[in-house]
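What follows is a set of notes on a single structure, which appears directly below.
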Amino acid sequence: MPALPGFRDFYPEDCARRNYVVKTWREVAQTYGFVEYDGPTLEGGDLYRKKNEEGAEILEQLYSFRDRGDREVALRPEMTPTLARMVAAREKHFRKPMKWFCVSNFFRHERQQKGRLREFLQFNADILGESSPEADAEIVALAVDLMRGFGFSREHFVVRLSDRRAWRDFLASRGCDPSQSQAVLACADKIERESPEKLDEKLAASGLTVVDLKNFIAAGSPESFAPVLAALEARGMSDFIEPDLSIVRGLAYYTGVVFEIFDRSKNLRALAGGGRYDNLIKGLSDGASDLPAIGFGMGDVVLGHLIDEIPAADGKRRSVAIPACEVYVVVADEAQRPNALKIVQQLRDQGWKTDFSLKPAKVGRQFQDAEGLSARHAVVVGAEWPAVKLKTLATRQEIAIAHPELTGHLEKLRAGSPG
RNA sequence: GUGGCCGUAGCUCAAUGGUAGAGCUCCAGAUUGUGGUUCUGGCUGUUGCGGGUUCGAGUCCCGUCGGUCACCCCA
């Protein structure tokens with residue numbers, strides 16, 4: 001009986017991978033001064049209805065049901081509504097700008113495919129209460145440094161940076177009705193994938209053509225996000241950034257800078273995406289709170305695929321793997337098992353990852369177990385008690401010492417060995 | 001919701017229409033205190049399920065379920 005479609009079992013190896021990703025997200029976000037928050041997995045269904053009444057798609061992909069109190073509830077498909085709710089409730093308690101991040105699981109009921117599951121982990125970071133380009137740059141820089149934190153470099157990924165204001169100004173200059181702007185942006189988003197004829201059809205009401213859009217994208221029109229680029233350049237991140245107006249993102253609520261991160265080989269879908277949404281908090285909180293905001297999300301699924309693909313990233317993940325066992329205590333003489341247990345407990349008290357055989361076993365077998373656990377050291381407790389043997393498995397070097405000296409010797413070995 | 005591909009042991013996969021196999025993993029051993037190698041033995045199957053064709057179906061046909069990839073969509 002397998003897990004439900006789009007849901008994952010996390011065997012120890014999978015858990016280790018997940019923990020590595022989460023740990024990296026946290027550590028990098030904290031170097032930027034972001035603080036962690038979280039909300040409930042289950043929310044009231046109206047929280048998501050409020051935001052996107054016309055878009056029926058989100059409601060179809062919502063895991064929603066009635067709970068035992070006949071309350072309409074839903075598993076969170078994203079973090080922003082929860083964030084808006086939390087911020088609106090206590091906005092006055094926090095000094096601005098607020099730099100918040102979270103690592104949470106999300107649920108979307110859709111057909112699974114590569115890089116898309118029904119439950120996934122996502123890192124979200126937002127800066128609230130600051131509308132300057134510096135804030136935009138800070139968010140983009142965090143995204144870049146997250147990727148670098150996983151061992152990716154400029155040949156592996158690129159941040160494609162755009163700005164909704166550039167589009168808004170362009171549309172206004174062409175006398176395009178604001179009601180058409182969403183449709184035009186949707187076409188811009190599809191400009192690589194759909195036929196020009198079809199796109200021209202969709203663009204008819206706006207008075208624009210595919211050629212118009214392509215010319216605008218080609219021109220670049222970087223004025224509106226030039227300050228962001230300057231701030232990123234000052235951080236030495238220019239190599240990671242590619243201005244690209246064809247990035248518009250599907251969401252209607254973005255108001256300024258928008259960006260997505262792609263792998264250079266373009267084998268995968270976007271690794272991260274986000275943008276500025278200065279009106280959303282106000283809308284979601286019914287006016288209770290009005291804060292400019294910019295944020296982005298990075299999911300664990302596509303990221304995991306890219307780590308698998310890129311040796312530098314995969315190697316980094318391996319290099320920080322946490323061993324399951326550092327010291328394996330061999331019970332060479334069952335009569336000494338109580339003393340062996342004493343040693344085991346002593347080692348554990350001092351923080352050594354320590355394991356041993358739970359049942360009588362031949363010494364050879366116990367060493368095999370130690371190998372299987374990738375233990376660094378073995379301690380042989382046998383007839384020579386109160387002396388024990390300390391063996392370093394990789395070098396096969398073994399010394400006999402009195403057991404009270406054991407932990408001291410181990411500390412010396414730990415200090416002397418890398419990693 | 002639409003379409004392509006794939007369903008055989010725990011995993012990766014074989015098997016001209018003719019007795020369902022291999023490798024890996026796992027478990028247990030190889031003259032009583034030292035290793036991931038080696039050797040020996042062992043476990044696991046309604047070949048996704050249901051029909052049909054045939055003397056005979058893992059194999060061919062139909063249906064169905066599941067998986068996967070892509071489209072749609074992407075909060």
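Labeling convention for the structure tokens: chains A, B, ... as they appear, residues from 1 per chain, ligands from 1 in order of appearance.
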Check your understanding: Quick one: residues within 7 Å of A:Val258, only C-alpha atoms (C1' of nucleotides) counted, chain neighbours fewer than 3 positions away excluded, as a list in words?
Key ->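 These residues fall inside the cut-off: Leu161, Ser162, Asp163, Arg164, Val248, Gly274, Gly275 and Arg276 of chain A.
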Would you save the residues from that selection as a PDB file, in the first residue's frame, using N, CA, C and O atoms?
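The resulting part.pdb:
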ATOM      1  N   LEU A 161      15.107  38.568 -13.630  1.00  0.00           N
ATOM      2  CA  LEU A 161      14.510  39.675 -12.886  1.00  0.00           C
ATOM      3  C   LEU A 161      13.672  40.553 -13.806  1.00  0.00           C
ATOM      4  O   LEU A 161      14.088  40.878 -14.912  1.00  0.00           O
ATOM      5  N   SER A 162      12.516  40.907 -13.327  1.00  0.00           N
ATOM      6  CA  SER A 162      11.627  41.742 -14.119  1.00  0.00           C
ATOM      7  C   SER A 162      10.917  42.718 -13.195  1.00  0.00           C
ATOM      8  O   SER A 162      11.167  42.746 -11.985  1.00  0.00           O
ATOM      9  N   ASP A 163      10.061  43.531 -13.785  1.00  0.00           N
ATOM     10  CA  ASP A 163       9.348  44.499 -12.958  1.00  0.00           C
ATOM     11  C   ASP A 163       7.984  44.782 -13.563  1.00  0.00           C
ATOM     12  O   ASP A 163       7.888  45.179 -14.722  1.00  0.00           O
ATOM     13  N   ARG A 164       6.965  44.568 -12.754  1.00  0.00           N
ATOM     14  CA  ARG A 164       5.610  44.812 -13.229  1.00  0.00           C
ATOM     15  C   ARG A 164       5.368  46.286 -13.588  1.00  0.00           C
ATOM     16  O   ARG A 164       4.547  46.595 -14.449  1.00  0.00           O
ATOM     17  N   VAL A 248       6.836  37.479 -15.892  1.00  0.00           N
ATOM     18  CA  VAL A 248       5.762  38.300 -15.327  1.00  0.00           C
ATOM     19  C   VAL A 248       5.098  37.608 -14.153  1.00  0.00           C
ATOM     20  O   VAL A 248       4.508  38.223 -13.302  1.00  0.00           O
ATOM     21  N   GLY A 274       9.101  34.955  -6.886  1.00  0.00           N
ATOM     22  CA  GLY A 274       8.446  35.876  -5.961  1.00  0.00           C
ATOM     23  C   GLY A 274       8.400  37.264  -6.537  1.00  0.00           C
ATOM     24  O   GLY A 274       8.690  37.468  -7.722  1.00  0.00           O
ATOM     25  N   GLY A 275       8.068  38.214  -5.681  1.00  0.00           N
ATOM     26  CA  GLY A 275       7.985  39.576  -6.148  1.00  0.00           C
ATOM     27  C   GLY A 275       7.371  40.487  -5.111  1.00  0.00           C
ATOM     28  O   GLY A 275       7.075  40.068  -3.987  1.00  0.00           O
ATOM     29  N   ARG A 276       7.203  41.725  -5.541  1.00  0.00           N
ATOM     30  CA  ARG A 276       6.662  42.735  -4.631  1.00  0.00           C
ATOM     31  C   ARG A 276       5.140  42.756  -4.722  1.00  0.00           C
ATOM     32  O   ARG A 276       4.578  42.677  -5.821  1.00  0.00           O
TER      33      ARG A 276
END
Point to revise | helix (DSSP H, G or I) positions in stretch 231-325 of chain A, given as a PyMOL selection string | key: chain A and resi 231-234+238-240+280-284+300-309+311-319
At most 8 Å to chain A: residues in chain B, only C-alpha atoms (C1' of nucleotides), as a PDB file with C-alpha atoms (C1' of nucleotides), in the first residue's frame:
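Result written to selection.pdb:
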ATOM      1  C1'   G B  33      38.394 -11.902  20.477  1.00  0.00           C
ATOM      2  C1'   U B  34      38.772  -7.965  15.066  1.00  0.00           C
ATOM      3  C1'   G B  35      36.162  -5.494   9.436  1.00  0.00           C
ATOM      4  C1'   G B  36      32.701  -3.151   3.676  1.00  0.00           C
ATOM      5  C1'   U B  68       5.016   8.331 -14.463  1.00  0.00           C
ATOM      6  C1'   C B  69       5.904  12.318 -17.961  1.00  0.00           C
ATOM      7  C1'   C B  73      -2.712  25.763 -14.432  1.00  0.00           C
ATOM      8  C1'   C B  74       0.572  27.718 -11.141  1.00  0.00           C
ATOM      9  C1'   A B  75      -1.774  30.919  -5.397  1.00  0.00           C
TER      10        A B  75
END
Exercise for review: Might you pull out every residue within 12 Å of stretch 1-18 of chain B, with only C-alpha atoms (C1' of nucleotides) counted and same-chain residues fewer than 5 positions away left off, and present them as a PyMOL selection string?
Suggested key: (chain A and resi 60+110-111) or (chain B and resi 23-26+43-45+47-49+53-60+65-73)
**Study point:** A:Asp14 surroundings by only C-alpha atoms (C1' of nucleotides), 12 Å radius, close-in-sequence under 6 positions cut, as a list in words
**Key:**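 My reading of the contact set: Arg8, Tyr20, Val21, Asp300, Val301 and Gly304 of chain A.
Across the structure, atom CA of A:Ala400 and atom CA of A:Lys359 are spaced 24.5 Å apart.
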Review point. Distance atom CA of A:Cys15-atom CA of A:Gly149, one decimal place?
Key: 19.0 Å
Check your understanding: Which polymer residues have any atom within 12 Å of an atom of A:Ser181, counting only C-alpha atoms (C1' of nucleotides), with same-chain residues fewer than 2 positions away left out, as an MDAnalysis selection string?
Key -> chainID A and resid 164:165 167:172 174:179 183:188 202:203 205:208 248 252:253
Exercise for review: Could you check how far atom CA of A:Phe157 sits from atom CA of A:Ile241, in Å to one decimal?
Suggested key: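 According to the coordinates, atom CA of A:Phe157 and atom CA of A:Ile241 are separated by 9.4 Å.
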